[in-house]
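Next comes start.cif, a file with mmCIF, C-alpha atoms.
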data_upload
#
loop_
_atom_site.label_atom_id
_atom_site.label_comp_id
_atom_site.auth_asym_id
_atom_site.auth_seq_id
_atom_site.Cartn_x
_atom_site.Cartn_y
_atom_site.Cartn_z
CA GLY A 1 161.17 -233.65 -203.15
CA TRP A 2 162.08 -232.82 -206.72
CA VAL A 3 164.04 -230.37 -208.82
CA ILE A 4 163.54 -229.34 -212.43
CA ASN A 5 166.78 -228.36 -214.12
CA GLN A 6 167.30 -226.63 -217.43
CA ALA A 7 170.43 -227.15 -219.50
CA ASP A 8 172.02 -224.33 -221.44
CA SER A 9 173.84 -224.68 -224.77
CA ASP A 10 177.10 -225.88 -223.18
CA GLY A 11 175.31 -228.51 -221.06
CA SER A 12 175.43 -226.74 -217.70
CA GLN A 13 172.41 -227.50 -215.52
CA TYR A 14 170.47 -224.79 -213.67
CA SER A 15 167.67 -225.45 -211.19
CA ILE A 16 164.51 -223.62 -212.19
CA ARG A 17 161.88 -225.23 -209.91
CA LEU A 18 162.01 -227.27 -206.75
CA ARG A 19 159.54 -228.53 -204.19
CA VAL A 20 159.22 -230.82 -201.21
CA LYS A 21 156.01 -232.76 -200.74
CA VAL A 22 154.80 -234.24 -197.46
CA LEU A 23 152.84 -237.45 -197.89
CA ASN A 24 149.67 -238.17 -195.95
CA GLU A 25 149.49 -241.19 -193.65
CA ARG A 26 148.05 -243.52 -196.29
CA LYS A 27 150.71 -242.65 -198.87
CA ARG A 28 153.50 -242.99 -196.30
CA GLY A 29 152.40 -246.62 -196.00
CA TYR A 30 153.18 -247.30 -199.68
CA ALA A 31 156.18 -249.45 -200.53
CA GLN A 32 159.34 -247.45 -201.34
CA VAL A 33 159.16 -248.14 -205.07
CA ASN A 34 155.53 -247.00 -205.14
CA ARG A 35 156.42 -243.77 -203.32
CA GLU A 36 159.19 -243.16 -205.86
CA LEU A 37 156.78 -243.66 -208.75
CA LEU A 38 154.15 -241.49 -207.08
CA GLY A 39 156.74 -238.72 -206.80
CA ILE A 40 157.66 -238.94 -210.46
CA MET A 41 154.07 -239.00 -211.65
CA SER A 42 152.88 -236.17 -209.40
CA THR A 43 155.87 -234.02 -210.43
CA VAL A 44 155.17 -234.52 -214.13
CA LYS A 45 151.47 -233.80 -213.64
CA GLU A 46 152.11 -230.70 -211.51
CA ASN A 47 154.60 -229.27 -214.00
CA LYS A 48 153.10 -230.31 -217.31
CA ASP A 49 152.75 -226.68 -218.41
CA TYR A 50 156.53 -226.25 -218.05
CA LEU A 51 157.27 -229.57 -219.75
CA ILE A 52 155.03 -229.40 -222.84
CA ASN A 53 157.04 -229.49 -226.08
CA THR A 54 160.32 -230.02 -224.27
CA LYS A 55 162.74 -232.89 -224.01
CA VAL A 56 162.34 -234.40 -220.55
CA MET A 57 164.83 -236.64 -218.80
CA ILE A 58 163.82 -238.21 -215.50
CA GLU A 59 166.76 -239.21 -213.32
CA ARG A 60 165.99 -241.59 -210.45
CA TYR A 61 168.12 -244.08 -208.66
CA CYS A 62 165.34 -246.59 -208.14
CA ILE A 63 166.00 -249.66 -210.31
CA PRO A 64 162.79 -251.44 -209.20
CA ILE A 65 160.73 -248.84 -211.09
CA LEU A 66 162.33 -249.96 -214.36
CA GLY A 67 161.54 -253.57 -213.50
CA MET A 68 157.95 -252.65 -212.64
CA ILE A 69 157.49 -251.00 -216.01
CA SER A 70 159.25 -253.69 -218.09
CA ARG A 71 157.74 -256.74 -216.34
CA CYS A 72 154.11 -256.00 -215.57
CA ALA A 73 152.69 -257.90 -212.60
CA MET A 74 149.19 -257.78 -211.14
CA ARG A 75 150.49 -256.36 -207.86
CA ASP A 76 151.89 -253.42 -209.82
CA LEU A 77 148.66 -252.77 -211.70
CA ALA A 78 147.75 -249.61 -209.76
CA MET A 79 151.19 -248.15 -210.37
CA LEU A 80 151.01 -248.95 -214.07
CA LYS A 81 147.63 -247.18 -214.18
CA TRP A 82 149.37 -244.07 -212.80
CA ILE A 83 151.88 -244.26 -215.65
CA ALA A 84 149.19 -244.77 -218.30
CA TYR A 85 147.11 -241.93 -216.87
CA GLN A 86 150.03 -239.51 -217.03
CA VAL A 87 151.08 -240.53 -220.53
CA TYR A 88 147.62 -240.30 -222.09
CA GLU A 89 146.10 -237.44 -220.08
#

Would you give me this structure, written as structure tokens?
Amino acid sequence: GWVINQADSDGSQYSIRLRVKVLNERKRGYAQVNRELLGIMSTVKENKDYLINTKVMIERYCIPILGMISRCAMRDLAMLKWIAYQVYE
């Protein structure tokens, strides 16, 4: 699941959108880090109309995603394609 928060001028956070997504059988078989990245990418794609021209901060507690992005490996190639697709779409 995910939540989109909006901060007001004093820094208080307010939830403005939330959703829970059920993965199909194939996606449930993904490694945990891949499911985390899939969640981030699908959330950004689904909500791009809300996020255009805004400052976006993604908060996740999944350190392996940072490693996947900073140290590209062939086994992570599909995940990196997801990132590239979202950034340049």

Requested in this report: Carefully work through the PyMOL selection byres ((chain A and resi 6) around 12) for this structure and note down the residues it includes, as a PyMOL selection string.
Outcome: chain A and resi 3-5+7-18+50-51+54-57

Query raised in the report: What residues come out when you apply the PyMOL selection byres ((chain A and resi 20) around 6) to this file, written as a PyMOL selection string?
Result: chain A and resi 1+19+21

Would you output that residue set with C-alpha atoms, as a JSON list (two decimals), keeping the file's coordinate frame?
[["chain", "number", "residue", "atom", "x", "y", "z"],
["A", 1, "GLY", "CA", 161.17, -233.65, -203.15],
["A", 19, "ARG", "CA", 159.54, -228.53, -204.19],
["A", 21, "LYS", "CA", 156.01, -232.76, -200.74]]

Report summary line: Taken to one decimal, the CA of Lys45 in chain A-CA of Tyr30 in chain A distance is 19.5 Å

Requested in this report: For Lys27 in chain A, work out the shell of residues within 12 Å, counting only C-alpha atoms and skipping chain neighbours fewer than 6 positions away, then give it as a list in words.
Outcome: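 Listed by chain and then number, they are Lys21, Val33, Asn34, Arg35, Glu36, Leu37, Leu38 and Gly39 of chain A.
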
**Report entry** Between CA of Gly29 in chain A and CA of Lys48 in chain A, distance in Å (one decimal)
**Finding:**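 Distance between the two atoms: 26.8 Å.
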
Hey, could you pull the box centre and edge lengths for range 45-60 of chain A, axis-aligned, 4 Å padding per side, all listed atoms, to one decimal in Å, as lines of an AutoDock Vina configuration file?
center_x = 159.1
center_y = -233.9
center_z = -218.3
size_x = 23.3
size_y = 23.3
size_z = 23.6

Any chance you could build range 37-52 of chain A out to N, CA, C and O atoms and write it as a short mmCIF file (atom, residue, chain, number, x, y, z; two decimals), keeping the file's coordinate frame?
data_model
loop_
_atom_site.label_atom_id
_atom_site.label_comp_id
_atom_site.auth_asym_id
_atom_site.auth_seq_id
_atom_site.Cartn_x
_atom_site.Cartn_y
_atom_site.Cartn_z
N LEU A 37 157.59 -243.85 -207.55
CA LEU A 37 156.78 -243.66 -208.75
C LEU A 37 155.73 -242.59 -208.56
O LEU A 37 155.49 -241.77 -209.45
N LEU A 38 155.12 -242.54 -207.40
CA LEU A 38 154.15 -241.49 -207.08
C LEU A 38 154.81 -240.12 -207.19
O LEU A 38 154.22 -239.18 -207.75
N GLY A 39 156.02 -239.99 -206.70
CA GLY A 39 156.74 -238.72 -206.80
C GLY A 39 157.00 -238.30 -208.23
O GLY A 39 156.81 -237.14 -208.59
N ILE A 40 157.41 -239.25 -209.05
CA ILE A 40 157.66 -238.94 -210.46
C ILE A 40 156.38 -238.50 -211.15
O ILE A 40 156.33 -237.48 -211.83
N MET A 41 155.33 -239.29 -210.96
CA MET A 41 154.07 -239.00 -211.65
C MET A 41 153.45 -237.69 -211.18
O MET A 41 152.96 -236.91 -211.99
N SER A 42 153.48 -237.42 -209.88
CA SER A 42 152.88 -236.17 -209.40
C SER A 42 153.71 -234.96 -209.85
O SER A 42 153.15 -233.90 -210.16
N THR A 43 155.01 -235.11 -209.95
CA THR A 43 155.87 -234.02 -210.43
C THR A 43 155.58 -233.70 -211.89
O THR A 43 155.43 -232.54 -212.27
N VAL A 44 155.46 -234.74 -212.71
CA VAL A 44 155.17 -234.52 -214.13
C VAL A 44 153.80 -233.86 -214.28
O VAL A 44 153.64 -232.90 -215.05
N LYS A 45 152.82 -234.36 -213.54
CA LYS A 45 151.47 -233.80 -213.64
C LYS A 45 151.44 -232.34 -213.18
O LYS A 45 150.84 -231.49 -213.84
N GLU A 46 152.09 -232.06 -212.06
CA GLU A 46 152.11 -230.70 -211.51
C GLU A 46 152.80 -229.71 -212.44
O GLU A 46 152.48 -228.52 -212.43
N ASN A 47 153.77 -230.17 -213.19
CA ASN A 47 154.60 -229.27 -214.00
C ASN A 47 154.40 -229.45 -215.49
O ASN A 47 155.25 -229.04 -216.28
N LYS A 48 153.29 -230.02 -215.89
CA LYS A 48 153.10 -230.31 -217.31
C LYS A 48 153.13 -229.05 -218.17
O LYS A 48 153.59 -229.09 -219.30
N ASP A 49 152.70 -227.92 -217.62
CA ASP A 49 152.75 -226.68 -218.41
C ASP A 49 154.19 -226.26 -218.72
O ASP A 49 154.45 -225.67 -219.76
N TYR A 50 155.11 -226.56 -217.82
CA TYR A 50 156.53 -226.25 -218.05
C TYR A 50 157.17 -227.27 -219.00
O TYR A 50 158.17 -226.97 -219.64
N LEU A 51 156.62 -228.47 -219.05
CA LEU A 51 157.27 -229.57 -219.75
C LEU A 51 156.73 -229.81 -221.16
O LEU A 51 157.34 -230.56 -221.92
N ILE A 52 155.62 -229.19 -221.52
CA ILE A 52 155.03 -229.40 -222.84
C ILE A 52 156.02 -228.95 -223.91
O ILE A 52 156.64 -227.90 -223.80
#
